[in-house]
$ cat protein_6.csv   # CSV, N, CA and C atoms
chain,number,residue,atom,x,y,z
T,1167,MET,N,23.7,-17.3,-8.6
T,1167,MET,CA,22.7,-16.8,-7.7
T,1167,MET,C,21.5,-16.2,-8.6
T,1168,THR,N,20.3,-16.5,-8.2
T,1168,THR,CA,19.1,-16.0,-9.0
T,1168,THR,C,18.9,-14.5,-8.6
T,1169,SER,N,18.6,-13.7,-9.7
T,1169,SER,CA,18.3,-12.3,-9.4
T,1169,SER,C,16.8,-12.2,-9.6
T,1170,PHE,N,16.2,-11.6,-8.6
T,1170,PHE,CA,14.7,-11.3,-8.6
T,1170,PHE,C,14.5,-9.9,-9.1
T,1171,PRO,N,13.4,-9.7,-9.9
T,1171,PRO,CA,13.1,-8.3,-10.3
T,1171,PRO,C,12.7,-7.4,-9.1
T,1172,ARG,N,13.0,-6.2,-9.3
T,1172,ARG,CA,12.7,-5.2,-8.2
T,1172,ARG,C,11.2,-5.1,-8.0
T,1173,LEU,N,10.7,-5.1,-6.8
T,1173,LEU,CA,9.3,-4.9,-6.5
T,1173,LEU,C,9.0,-3.4,-6.6
T,1174,LYS,N,7.8,-3.2,-7.2
T,1174,LYS,CA,7.3,-1.8,-7.2
T,1174,LYS,C,6.2,-1.8,-6.2
T,1175,ILE,N,6.5,-1.2,-5.0
T,1175,ILE,CA,5.6,-1.2,-3.9
T,1175,ILE,C,4.9,0.2,-3.9
T,1176,LEU,N,3.6,0.2,-3.8
T,1176,LEU,CA,2.8,1.4,-3.7
T,1176,LEU,C,2.2,1.5,-2.3
T,1177,LEU,N,2.7,2.4,-1.5
T,1177,LEU,CA,2.2,2.7,-0.2
T,1177,LEU,C,1.2,3.8,-0.2
T,1178,VAL,N,0.0,3.5,0.2
T,1178,VAL,CA,-1.1,4.5,0.3
T,1178,VAL,C,-1.2,4.8,1.8
T,1179,GLU,N,-0.7,6.0,2.2
T,1179,GLU,CA,-0.7,6.4,3.6
T,1179,GLU,C,-0.8,7.9,3.6
T,1180,ASP,N,-1.7,8.4,4.4
T,1180,ASP,CA,-1.9,9.9,4.4
T,1180,ASP,C,-1.1,10.6,5.5
T,1181,ASP,N,-0.4,9.8,6.3
T,1181,ASP,CA,0.4,10.4,7.4
T,1181,ASP,C,1.9,10.3,7.1
T,1182,ARG,N,2.5,11.4,7.0
T,1182,ARG,CA,4.0,11.4,6.6
T,1182,ARG,C,4.8,10.7,7.6
T,1183,ALA,N,4.6,10.8,8.9
T,1183,ALA,CA,5.4,10.0,9.9
T,1183,ALA,C,5.2,8.5,9.7
T,1184,ASP,N,4.0,8.1,9.4
T,1184,ASP,CA,3.8,6.6,9.1
T,1184,ASP,C,4.5,6.2,7.8
T,1185,PHE,N,4.5,7.1,6.8
T,1185,PHE,CA,5.2,6.8,5.6
T,1185,PHE,C,6.7,6.6,5.9
T,1186,ILE,N,7.3,7.5,6.7
T,1186,ILE,CA,8.7,7.4,7.0
T,1186,ILE,C,9.0,6.2,7.8
T,1187,LEU,N,8.2,5.8,8.7
T,1187,LEU,CA,8.4,4.6,9.5
T,1187,LEU,C,8.3,3.4,8.6
T,1188,THR,N,7.3,3.3,7.8
T,1188,THR,CA,7.2,2.1,6.9
T,1188,THR,C,8.4,2.1,5.9
T,1189,ARG,N,8.8,3.2,5.4
T,1189,ARG,CA,10.0,3.2,4.5
T,1189,ARG,C,11.2,2.7,5.2
T,1190,GLU,N,11.5,3.2,6.4
T,1190,GLU,CA,12.7,2.7,7.2
T,1190,GLU,C,12.6,1.3,7.5
T,1191,LEU,N,11.4,0.8,7.9
T,1191,LEU,CA,11.3,-0.7,8.2
T,1191,LEU,C,11.6,-1.5,6.9
T,1192,LEU,N,11.1,-1.1,5.8
T,1192,LEU,CA,11.3,-1.8,4.5
T,1192,LEU,C,12.8,-1.8,4.2
T,1193,ARG,N,13.5,-0.6,4.4
T,1193,ARG,CA,14.9,-0.5,4.1
T,1193,ARG,C,15.7,-1.5,4.9
T,1194,GLN,N,15.3,-1.8,6.1
T,1194,GLN,CA,16.0,-2.8,6.9
T,1194,GLN,C,16.0,-4.2,6.3
T,1195,ILE,N,15.0,-4.4,5.5
T,1195,ILE,CA,14.9,-5.8,4.8
T,1195,ILE,C,15.9,-5.8,3.7
T,1196,ASP,N,15.8,-4.9,2.7
T,1196,ASP,CA,16.8,-4.9,1.6
T,1196,ASP,C,16.3,-3.7,0.7
T,1197,ALA,N,16.9,-2.6,0.9
T,1197,ALA,CA,16.6,-1.4,0.1
T,1197,ALA,C,16.9,-1.5,-1.3
T,1198,GLN,N,17.7,-2.5,-1.7
T,1198,GLN,CA,18.0,-2.6,-3.1
T,1198,GLN,C,17.0,-3.5,-3.9
T,1199,SER,N,16.1,-4.1,-3.2
T,1199,SER,CA,15.2,-5.0,-3.9
T,1199,SER,C,13.8,-4.4,-4.3
T,1200,PHE,N,13.6,-3.1,-3.9
T,1200,PHE,CA,12.3,-2.5,-4.2
T,1200,PHE,C,12.4,-1.0,-4.5
T,1201,ASP,N,11.3,-0.6,-5.2
T,1201,ASP,CA,11.1,0.9,-5.4
T,1201,ASP,C,9.8,1.2,-4.6
T,1202,LEU,N,9.9,2.1,-3.7
T,1202,LEU,CA,8.7,2.5,-2.9
T,1202,LEU,C,8.1,3.8,-3.4
T,1203,HIS,N,6.9,3.7,-3.7
T,1203,HIS,CA,6.1,4.9,-4.2
T,1203,HIS,C,5.1,5.2,-3.2
T,1204,TRP,N,5.0,6.5,-2.8
T,1204,TRP,CA,4.1,6.9,-1.8
T,1204,TRP,C,3.0,7.8,-2.3
T,1205,VAL,N,1.7,7.6,-2.0
T,1205,VAL,CA,0.6,8.5,-2.3
T,1205,VAL,C,-0.2,8.6,-1.1
T,1206,LYS,N,-1.0,9.7,-1.0
T,1206,LYS,CA,-1.7,10.0,0.2
T,1206,LYS,C,-3.2,9.7,0.2
T,1207,SER,N,-3.7,9.3,-1.0
T,1207,SER,CA,-5.1,9.0,-1.0
T,1207,SER,C,-5.4,7.9,-1.9
T,1208,LEU,N,-6.6,7.4,-1.8
T,1208,LEU,CA,-7.0,6.2,-2.7
T,1208,LEU,C,-7.2,6.6,-4.1
T,1209,SER,N,-7.5,7.9,-4.5
T,1209,SER,CA,-7.6,8.2,-5.9
T,1209,SER,C,-6.2,8.3,-6.5
T,1210,GLN,N,-5.1,8.6,-5.8
T,1210,GLN,CA,-3.8,8.6,-6.4
T,1210,GLN,C,-3.3,7.3,-6.9
T,1211,PRO,N,-3.5,6.1,-6.2
T,1211,PRO,CA,-2.9,4.9,-6.7
T,1211,PRO,C,-3.6,4.5,-8.0
T,1212,ARG,N,-4.9,4.8,-8.1
T,1212,ARG,CA,-5.6,4.5,-9.4
T,1212,ARG,C,-5.0,5.2,-10.5
T,1213,GLU,N,-4.7,6.5,-10.3
T,1213,GLU,CA,-4.1,7.4,-11.3
T,1213,GLU,C,-2.6,6.9,-11.6
T,1214,TRP,N,-1.9,6.6,-10.6
T,1214,TRP,CA,-0.5,6.1,-10.7
T,1214,TRP,C,-0.5,4.8,-11.5
T,1215,ALA,N,-1.3,3.9,-11.1
T,1215,ALA,CA,-1.3,2.5,-11.8
T,1215,ALA,C,-1.7,2.6,-13.2
T,1216,GLN,N,-2.6,3.6,-13.6
T,1216,GLN,CA,-3.0,3.7,-15.0
T,1216,GLN,C,-1.9,4.5,-15.8
T,1217,ALA,N,-1.3,5.4,-15.2
T,1217,ALA,CA,-0.3,6.3,-15.9
T,1217,ALA,C,1.0,5.6,-16.1
T,1218,ILE,N,1.4,4.8,-15.2
T,1218,ILE,CA,2.8,4.2,-15.3
T,1218,ILE,C,2.7,2.7,-15.4
T,1219,ASP,N,2.8,2.0,-14.4
T,1219,ASP,CA,2.7,0.5,-14.4
T,1219,ASP,C,2.0,0.1,-13.2
T,1220,GLU,N,1.5,-1.1,-13.2
T,1220,GLU,CA,0.8,-1.7,-12.1
T,1220,GLU,C,1.9,-2.0,-11.0
T,1221,PRO,N,1.6,-1.7,-9.8
T,1221,PRO,CA,2.5,-2.1,-8.7
T,1221,PRO,C,2.6,-3.6,-8.6
T,1222,THR,N,3.7,-4.1,-8.0
T,1222,THR,CA,3.7,-5.5,-7.7
T,1222,THR,C,3.3,-5.8,-6.3
T,1223,LEU,N,3.1,-4.8,-5.5
T,1223,LEU,CA,2.6,-4.9,-4.2
T,1223,LEU,C,1.9,-3.6,-3.7
T,1224,TYR,N,0.7,-3.7,-3.1
T,1224,TYR,CA,0.1,-2.5,-2.6
T,1224,TYR,C,0.2,-2.7,-1.0
T,1225,LEU,N,0.5,-1.6,-0.4
T,1225,LEU,CA,0.4,-1.4,1.1
T,1225,LEU,C,-0.6,-0.3,1.3
T,1226,LEU,N,-1.7,-0.6,1.9
T,1226,LEU,CA,-2.8,0.3,2.1
T,1226,LEU,C,-3.0,0.6,3.6
T,1227,ASP,N,-3.0,1.9,4.0
T,1227,ASP,CA,-3.5,2.2,5.3
T,1227,ASP,C,-5.0,2.0,5.4
T,1228,TYR,N,-5.5,1.5,6.5
T,1228,TYR,CA,-6.9,1.3,6.6
T,1228,TYR,C,-7.7,2.6,6.5
T,1229,ARG,N,-7.4,3.6,7.3
T,1229,ARG,CA,-8.1,4.8,7.4
T,1229,ARG,C,-7.3,5.9,6.8
T,1230,LEU,N,-7.9,6.6,5.8
T,1230,LEU,CA,-7.2,7.7,5.0
T,1230,LEU,C,-8.2,8.9,5.0
T,1231,ASP,N,-7.9,9.8,5.9
T,1231,ASP,CA,-8.8,11.0,6.0
T,1231,ASP,C,-10.3,10.6,6.0
T,1232,HIS,N,-10.9,10.8,4.9
T,1232,HIS,CA,-12.4,10.5,4.8
T,1232,HIS,C,-12.6,9.2,4.0
T,1233,GLU,N,-11.6,8.5,3.8
T,1233,GLU,CA,-11.8,7.3,3.0
T,1233,GLU,C,-11.4,6.0,3.8
T,1234,VAL,N,-11.8,4.9,3.4
T,1234,VAL,CA,-11.5,3.6,4.0
T,1234,VAL,C,-10.9,2.7,2.9
T,1235,SER,N,-9.8,2.1,3.1
T,1235,SER,CA,-9.2,1.3,2.1
T,1235,SER,C,-9.9,0.1,1.7
T,1236,LEU,N,-10.9,-0.3,2.5
T,1236,LEU,CA,-11.8,-1.5,2.1
T,1236,LEU,C,-12.5,-1.2,0.7
T,1237,ASP,N,-12.8,0.0,0.4
T,1237,ASP,CA,-13.4,0.3,-0.9
T,1237,ASP,C,-12.4,0.0,-2.0
T,1238,PHE,N,-11.2,0.3,-1.8
T,1238,PHE,CA,-10.1,0.0,-2.8
T,1238,PHE,C,-10.0,-1.5,-2.9
T,1239,LEU,N,-10.0,-2.2,-1.8
T,1239,LEU,CA,-9.9,-3.7,-1.8
T,1239,LEU,C,-11.1,-4.3,-2.6
T,1240,ARG,N,-12.3,-3.8,-2.4
T,1240,ARG,CA,-13.4,-4.3,-3.2
T,1240,ARG,C,-13.3,-4.1,-4.7
T,1241,GLU,N,-12.7,-2.9,-5.0
T,1241,GLU,CA,-12.5,-2.5,-6.4
T,1241,GLU,C,-11.5,-3.4,-7.1
T,1242,LYS,N,-10.5,-3.8,-6.4
T,1242,LYS,CA,-9.3,-4.5,-7.0
T,1242,LYS,C,-9.4,-6.1,-6.8
T,1243,GLN,N,-10.6,-6.6,-6.7
T,1243,GLN,CA,-10.8,-8.0,-6.5
T,1243,GLN,C,-10.1,-8.9,-7.5
T,1244,ALA,N,-10.1,-8.5,-8.7
T,1244,ALA,CA,-9.5,-9.3,-9.8
T,1244,ALA,C,-8.1,-9.1,-10.0
T,1245,HIS,N,-7.5,-8.2,-9.3
T,1245,HIS,CA,-6.1,-7.8,-9.5
T,1245,HIS,C,-5.1,-8.9,-9.0
T,1246,ARG,N,-4.0,-9.0,-9.7
T,1246,ARG,CA,-3.1,-10.1,-9.4
T,1246,ARG,C,-2.1,-9.7,-8.3
T,1247,ALA,N,-1.8,-8.4,-8.2
T,1247,ALA,CA,-0.8,-8.0,-7.2
T,1247,ALA,C,-1.3,-8.1,-5.8
T,1248,PRO,N,-0.5,-8.6,-4.9
T,1248,PRO,CA,-0.9,-8.7,-3.5
T,1248,PRO,C,-1.3,-7.3,-2.9
T,1249,ILE,N,-2.3,-7.3,-2.0
T,1249,ILE,CA,-2.7,-6.1,-1.4
T,1249,ILE,C,-2.6,-6.3,0.1
T,1250,LEU,N,-1.8,-5.6,0.9
T,1250,LEU,CA,-1.7,-5.7,2.3
T,1250,LEU,C,-2.3,-4.5,2.9
T,1251,MET,N,-3.2,-4.7,3.9
T,1251,MET,CA,-3.8,-3.5,4.6
T,1251,MET,C,-3.1,-3.4,5.9
T,1252,LEU,N,-2.7,-2.1,6.2
T,1252,LEU,CA,-2.0,-1.8,7.4
T,1252,LEU,C,-3.0,-1.0,8.3
T,1253,THR,N,-3.1,-1.4,9.6
T,1253,THR,CA,-4.0,-0.7,10.4
T,1253,THR,C,-3.5,-0.8,11.9
T,1254,GLY,N,-3.8,0.3,12.6
T,1254,GLY,CA,-3.6,0.3,14.0
T,1254,GLY,C,-4.9,-0.1,14.8
T,1255,GLN,N,-5.9,-0.3,14.0
T,1255,GLN,CA,-7.2,-0.6,14.6
T,1255,GLN,C,-7.1,-2.0,15.2
T,1256,HIS,N,-7.8,-2.3,16.3
T,1256,HIS,CA,-7.8,-3.6,16.9
T,1256,HIS,C,-9.2,-4.2,16.9
T,1257,GLU,N,-9.8,-4.2,15.7
T,1257,GLU,CA,-11.1,-4.7,15.5
T,1257,GLU,C,-11.1,-5.9,14.6
T,1258,THR,N,-11.5,-7.0,15.1
T,1258,THR,CA,-11.6,-8.3,14.4
T,1258,THR,C,-12.5,-8.1,13.2
T,1259,GLU,N,-13.5,-7.3,13.3
T,1259,GLU,CA,-14.5,-7.1,12.2
T,1259,GLU,C,-13.8,-6.5,11.0
T,1260,ILE,N,-12.8,-5.6,11.2
T,1260,ILE,CA,-12.1,-5.0,10.1
T,1260,ILE,C,-11.3,-6.1,9.4
T,1261,ASP,N,-10.6,-7.0,10.2
T,1261,ASP,CA,-9.8,-8.1,9.6
T,1261,ASP,C,-10.7,-9.0,8.8
T,1262,HIS,N,-11.8,-9.4,9.3
T,1262,HIS,CA,-12.7,-10.3,8.5
T,1262,HIS,C,-13.2,-9.6,7.2
T,1263,GLU,N,-13.6,-8.3,7.3
T,1263,GLU,CA,-14.1,-7.7,6.1
T,1263,GLU,C,-12.9,-7.5,5.1
T,1264,ALA,N,-11.7,-7.3,5.5
T,1264,ALA,CA,-10.6,-7.2,4.5
T,1264,ALA,C,-10.3,-8.5,3.9
T,1265,LEU,N,-10.4,-9.6,4.6
T,1265,LEU,CA,-10.2,-10.9,4.0
T,1265,LEU,C,-11.3,-11.2,3.0
$ encode --input "protein_6.csv" --output "structure tokens"
Amino acid sequence: MTSFPRLKILLVEDDRADFILTRELLRQIDAQSFDLHWVKSLSQPREWAQAIDEPTLYLLDYRLDHEVSLDFLREKQAHRAPILMLTGQHETEIDHEAL
């Protein structure tokens, strides 16, 4: 059986309840295959990525207090790790801009 390296998932979410929900949903998949790191703002993942290691996957909430994760997406254009944006917004415009 092939062993895959553990994923380093960085969740950027300013709401604790949404963090807990996301964590529990991910645990249902396979809690042994990833390390979930949680930060509450867009400035924190930049600091975390520089200080430790680059995440292997970013999960970004669309709206973070006074910030919008699209700014982070624009900044990370050349990055190799996948970036998934999470949103409860139902606006096609947001989807298109994120893509």
$ closest_residue --input "protein_6.csv" --among "T:Leu1225, T:Ile1195, T:Ile1186, T:Val1178" --to "Ser1207 (chain T)" --atoms "only C-alpha atoms"
T:Val1178
$ atom_distance --input "protein_6.csv" --atom1 "atom N of Phe1170 (chain T)" --atom2 "atom N of Leu1187 (chain T)"
25.8 Å
$ residues_around --input "protein_6.csv" --residues "region 1227-1234 of chain T" --least-positions-apart "2" --cutoff "8 Å" --atoms "all atoms listed in the file" --output "count of residues only"
20
$ atom_distance --input "protein_6.csv" --atom1 "CA of Ile1249 (chain T)" --atom2 "CA of Glu1190 (chain T)"
19.7 Å
$ atom_distance --input "protein_6.csv" --atom1 "atom C of Leu1176 (chain T)" --atom2 "atom N of Trp1204 (chain T)"
5.8 Å
$ select_by_dssp --input "protein_6.csv" --residues "region 1171-1255 of chain T" --states "alpha helix (DSSP H)" --output "short mmCIF file (atom, residue, chain, number, x, y, z; two decimals) with N, CA and C atoms, in the coordinates of the input"
data_model
loop_
_atom_site.label_atom_id
_atom_site.label_comp_id
_atom_site.auth_asym_id
_atom_site.auth_seq_id
_atom_site.Cartn_x
_atom_site.Cartn_y
_atom_site.Cartn_z
N ARG T 1182 2.50 11.40 7.00
CA ARG T 1182 4.00 11.40 6.60
C ARG T 1182 4.80 10.70 7.60
N ALA T 1183 4.60 10.80 8.90
CA ALA T 1183 5.40 10.00 9.90
C ALA T 1183 5.20 8.50 9.70
N ASP T 1184 4.00 8.10 9.40
CA ASP T 1184 3.80 6.60 9.10
C ASP T 1184 4.50 6.20 7.80
N PHE T 1185 4.50 7.10 6.80
CA PHE T 1185 5.20 6.80 5.60
C PHE T 1185 6.70 6.60 5.90
N ILE T 1186 7.30 7.50 6.70
CA ILE T 1186 8.70 7.40 7.00
C ILE T 1186 9.00 6.20 7.80
N LEU T 1187 8.20 5.80 8.70
CA LEU T 1187 8.40 4.60 9.50
C LEU T 1187 8.30 3.40 8.60
N THR T 1188 7.30 3.30 7.80
CA THR T 1188 7.20 2.10 6.90
C THR T 1188 8.40 2.10 5.90
N ARG T 1189 8.80 3.20 5.40
CA ARG T 1189 10.00 3.20 4.50
C ARG T 1189 11.20 2.70 5.20
N GLU T 1190 11.50 3.20 6.40
CA GLU T 1190 12.70 2.70 7.20
C GLU T 1190 12.60 1.30 7.50
N LEU T 1191 11.40 0.80 7.90
CA LEU T 1191 11.30 -0.70 8.20
C LEU T 1191 11.60 -1.50 6.90
N LEU T 1192 11.10 -1.10 5.80
CA LEU T 1192 11.30 -1.80 4.50
C LEU T 1192 12.80 -1.80 4.20
N ARG T 1193 13.50 -0.60 4.40
CA ARG T 1193 14.90 -0.50 4.10
C ARG T 1193 15.70 -1.50 4.90
N GLN T 1194 15.30 -1.80 6.10
CA GLN T 1194 16.00 -2.80 6.90
C GLN T 1194 16.00 -4.20 6.30
N ILE T 1195 15.00 -4.40 5.50
CA ILE T 1195 14.90 -5.80 4.80
C ILE T 1195 15.90 -5.80 3.70
N ASP T 1196 15.80 -4.90 2.70
CA ASP T 1196 16.80 -4.90 1.60
C ASP T 1196 16.30 -3.70 0.70
N SER T 1209 -7.50 7.90 -4.50
CA SER T 1209 -7.60 8.20 -5.90
C SER T 1209 -6.20 8.30 -6.50
N GLN T 1210 -5.10 8.60 -5.80
CA GLN T 1210 -3.80 8.60 -6.40
C GLN T 1210 -3.30 7.30 -6.90
N PRO T 1211 -3.50 6.10 -6.20
CA PRO T 1211 -2.90 4.90 -6.70
C PRO T 1211 -3.60 4.50 -8.00
N ARG T 1212 -4.90 4.80 -8.10
CA ARG T 1212 -5.60 4.50 -9.40
C ARG T 1212 -5.00 5.20 -10.50
N GLU T 1213 -4.70 6.50 -10.30
CA GLU T 1213 -4.10 7.40 -11.30
C GLU T 1213 -2.60 6.90 -11.60
N TRP T 1214 -1.90 6.60 -10.60
CA TRP T 1214 -0.50 6.10 -10.70
C TRP T 1214 -0.50 4.80 -11.50
N ALA T 1215 -1.30 3.90 -11.10
CA ALA T 1215 -1.30 2.50 -11.80
C ALA T 1215 -1.70 2.60 -13.20
N GLN T 1216 -2.60 3.60 -13.60
CA GLN T 1216 -3.00 3.70 -15.00
C GLN T 1216 -1.90 4.50 -15.80
N ALA T 1217 -1.30 5.40 -15.20
CA ALA T 1217 -0.30 6.30 -15.90
C ALA T 1217 1.00 5.60 -16.10
N LEU T 1236 -10.90 -0.30 2.50
CA LEU T 1236 -11.80 -1.50 2.10
C LEU T 1236 -12.50 -1.20 0.70
N ASP T 1237 -12.80 0.00 0.40
CA ASP T 1237 -13.40 0.30 -0.90
C ASP T 1237 -12.40 0.00 -2.00
N PHE T 1238 -11.20 0.30 -1.80
CA PHE T 1238 -10.10 0.00 -2.80
C PHE T 1238 -10.00 -1.50 -2.90
N LEU T 1239 -10.00 -2.20 -1.80
CA LEU T 1239 -9.90 -3.70 -1.80
C LEU T 1239 -11.10 -4.30 -2.60
N ARG T 1240 -12.30 -3.80 -2.40
CA ARG T 1240 -13.40 -4.30 -3.20
C ARG T 1240 -13.30 -4.10 -4.70
N GLU T 1241 -12.70 -2.90 -5.00
CA GLU T 1241 -12.50 -2.50 -6.40
C GLU T 1241 -11.50 -3.40 -7.10
#
$ closest_residue --input "protein_6.csv" --among "T:Pro1221, T:Ser1235, T:Glu1257, T:Arg1240" --to "Ser1209 (chain T)" --atoms "only C-alpha atoms"
T:Ser1235
$ closest_residue --input "protein_6.csv" --among "T:Phe1200, T:Glu1259, T:Arg1193, T:Phe1185" --to "Pro1171 (chain T)" --atoms "all atoms listed in the file"
T:Phe1200
$ residues_near_point --input "protein_6.csv" --point "(10.0, -1.1, -3.0)" --cutoff "6 Å" --atoms "only N, CA and C atoms" --output "list in words"
Leu1173, Lys1174, Ile1175, Ser1199, Phe1200, Asp1201, Leu1202 and His1203 of chain T
$ decode --input "protein_6.csv" --residues "region 1183-1254 of chain T" --atoms "C-alpha atoms" --output "compact mmCIF listing (two decimals), in the first residue's frame"
# COMPACT_ATOMS: atom_id res chain seq x y z
CA ALA T 1183 -18.04 28.09 14.58
CA ASP T 1184 -17.18 27.79 10.87
CA PHE T 1185 -13.68 26.61 11.79
CA ILE T 1186 -15.15 23.87 14.01
CA LEU T 1187 -17.60 22.85 11.29
CA THR T 1188 -14.86 22.65 8.66
CA ARG T 1189 -12.56 20.73 11.01
CA GLU T 1190 -15.27 18.17 11.77
CA LEU T 1191 -16.14 17.74 8.10
CA LEU T 1192 -12.48 17.15 7.25
CA ARG T 1193 -12.13 14.64 10.09
CA GLN T 1194 -14.92 12.59 8.55
CA ILE T 1195 -12.72 12.12 5.49
CA ASP T 1196 -9.57 10.92 7.28
CA ALA T 1197 -8.21 12.75 10.30
CA GLN T 1198 -4.92 10.86 10.02
CA SER T 1199 -4.00 12.24 6.59
CA PHE T 1200 -3.73 15.95 7.36
CA ASP T 1201 -2.68 18.61 9.83
CA LEU T 1202 -5.16 21.48 10.00
CA HIS T 1203 -3.83 24.90 10.94
CA TRP T 1204 -6.29 27.70 11.62
CA VAL T 1205 -5.70 31.43 11.36
CA LYS T 1206 -8.27 34.23 11.55
CA SER T 1207 -6.95 36.78 9.05
CA LEU T 1208 -5.16 37.10 5.75
CA SER T 1209 -2.03 38.53 7.36
CA GLN T 1210 -1.57 35.41 9.51
CA PRO T 1211 -1.18 32.86 6.68
CA ARG T 1212 1.55 35.00 5.14
CA GLU T 1213 3.40 35.01 8.46
CA TRP T 1214 2.75 31.30 9.05
CA ALA T 1215 3.92 30.30 5.56
CA GLN T 1216 7.11 32.32 5.91
CA ALA T 1217 7.92 31.21 9.45
CA ILE T 1218 7.28 27.49 9.12
CA ASP T 1219 6.52 25.76 5.84
CA GLU T 1220 4.30 26.36 2.90
CA PRO T 1221 0.91 24.71 3.26
CA THR T 1222 0.04 21.98 0.77
CA LEU T 1223 -3.53 23.32 0.61
CA TYR T 1224 -5.15 26.65 1.45
CA LEU T 1225 -8.83 26.90 2.45
CA LEU T 1226 -9.88 30.55 2.45
CA ASP T 1227 -13.12 32.05 3.64
CA TYR T 1228 -14.27 34.67 1.13
CA ARG T 1229 -15.16 37.40 3.62
CA LEU T 1230 -12.91 37.98 6.62
CA ASP T 1231 -13.98 40.94 8.76
CA HIS T 1232 -12.67 43.86 6.69
CA GLU T 1233 -10.76 41.74 4.18
CA VAL T 1234 -11.70 39.75 1.10
CA SER T 1235 -9.73 36.62 0.24
CA LEU T 1236 -9.59 37.57 -3.45
CA ASP T 1237 -6.67 39.84 -2.54
CA PHE T 1238 -4.77 36.82 -1.23
CA LEU T 1239 -5.64 34.87 -4.39
CA ARG T 1240 -4.21 37.64 -6.57
CA GLU T 1241 -1.04 37.71 -4.47
CA LYS T 1242 -0.50 33.93 -4.65
CA GLN T 1243 -0.89 33.54 -8.44
CA ALA T 1244 2.46 31.81 -8.87
CA HIS T 1245 2.05 29.53 -5.87
CA ARG T 1246 1.94 25.77 -6.44
CA ALA T 1247 -0.34 24.79 -3.54
CA PRO T 1248 -4.04 24.59 -4.40
CA ILE T 1249 -6.20 27.37 -3.01
CA LEU T 1250 -9.89 26.69 -2.35
CA MET T 1251 -12.16 29.58 -1.53
CA LEU T 1252 -15.11 28.87 0.77
CA THR T 1253 -18.12 31.15 0.66
CA GLY T 1254 -21.75 31.26 1.59
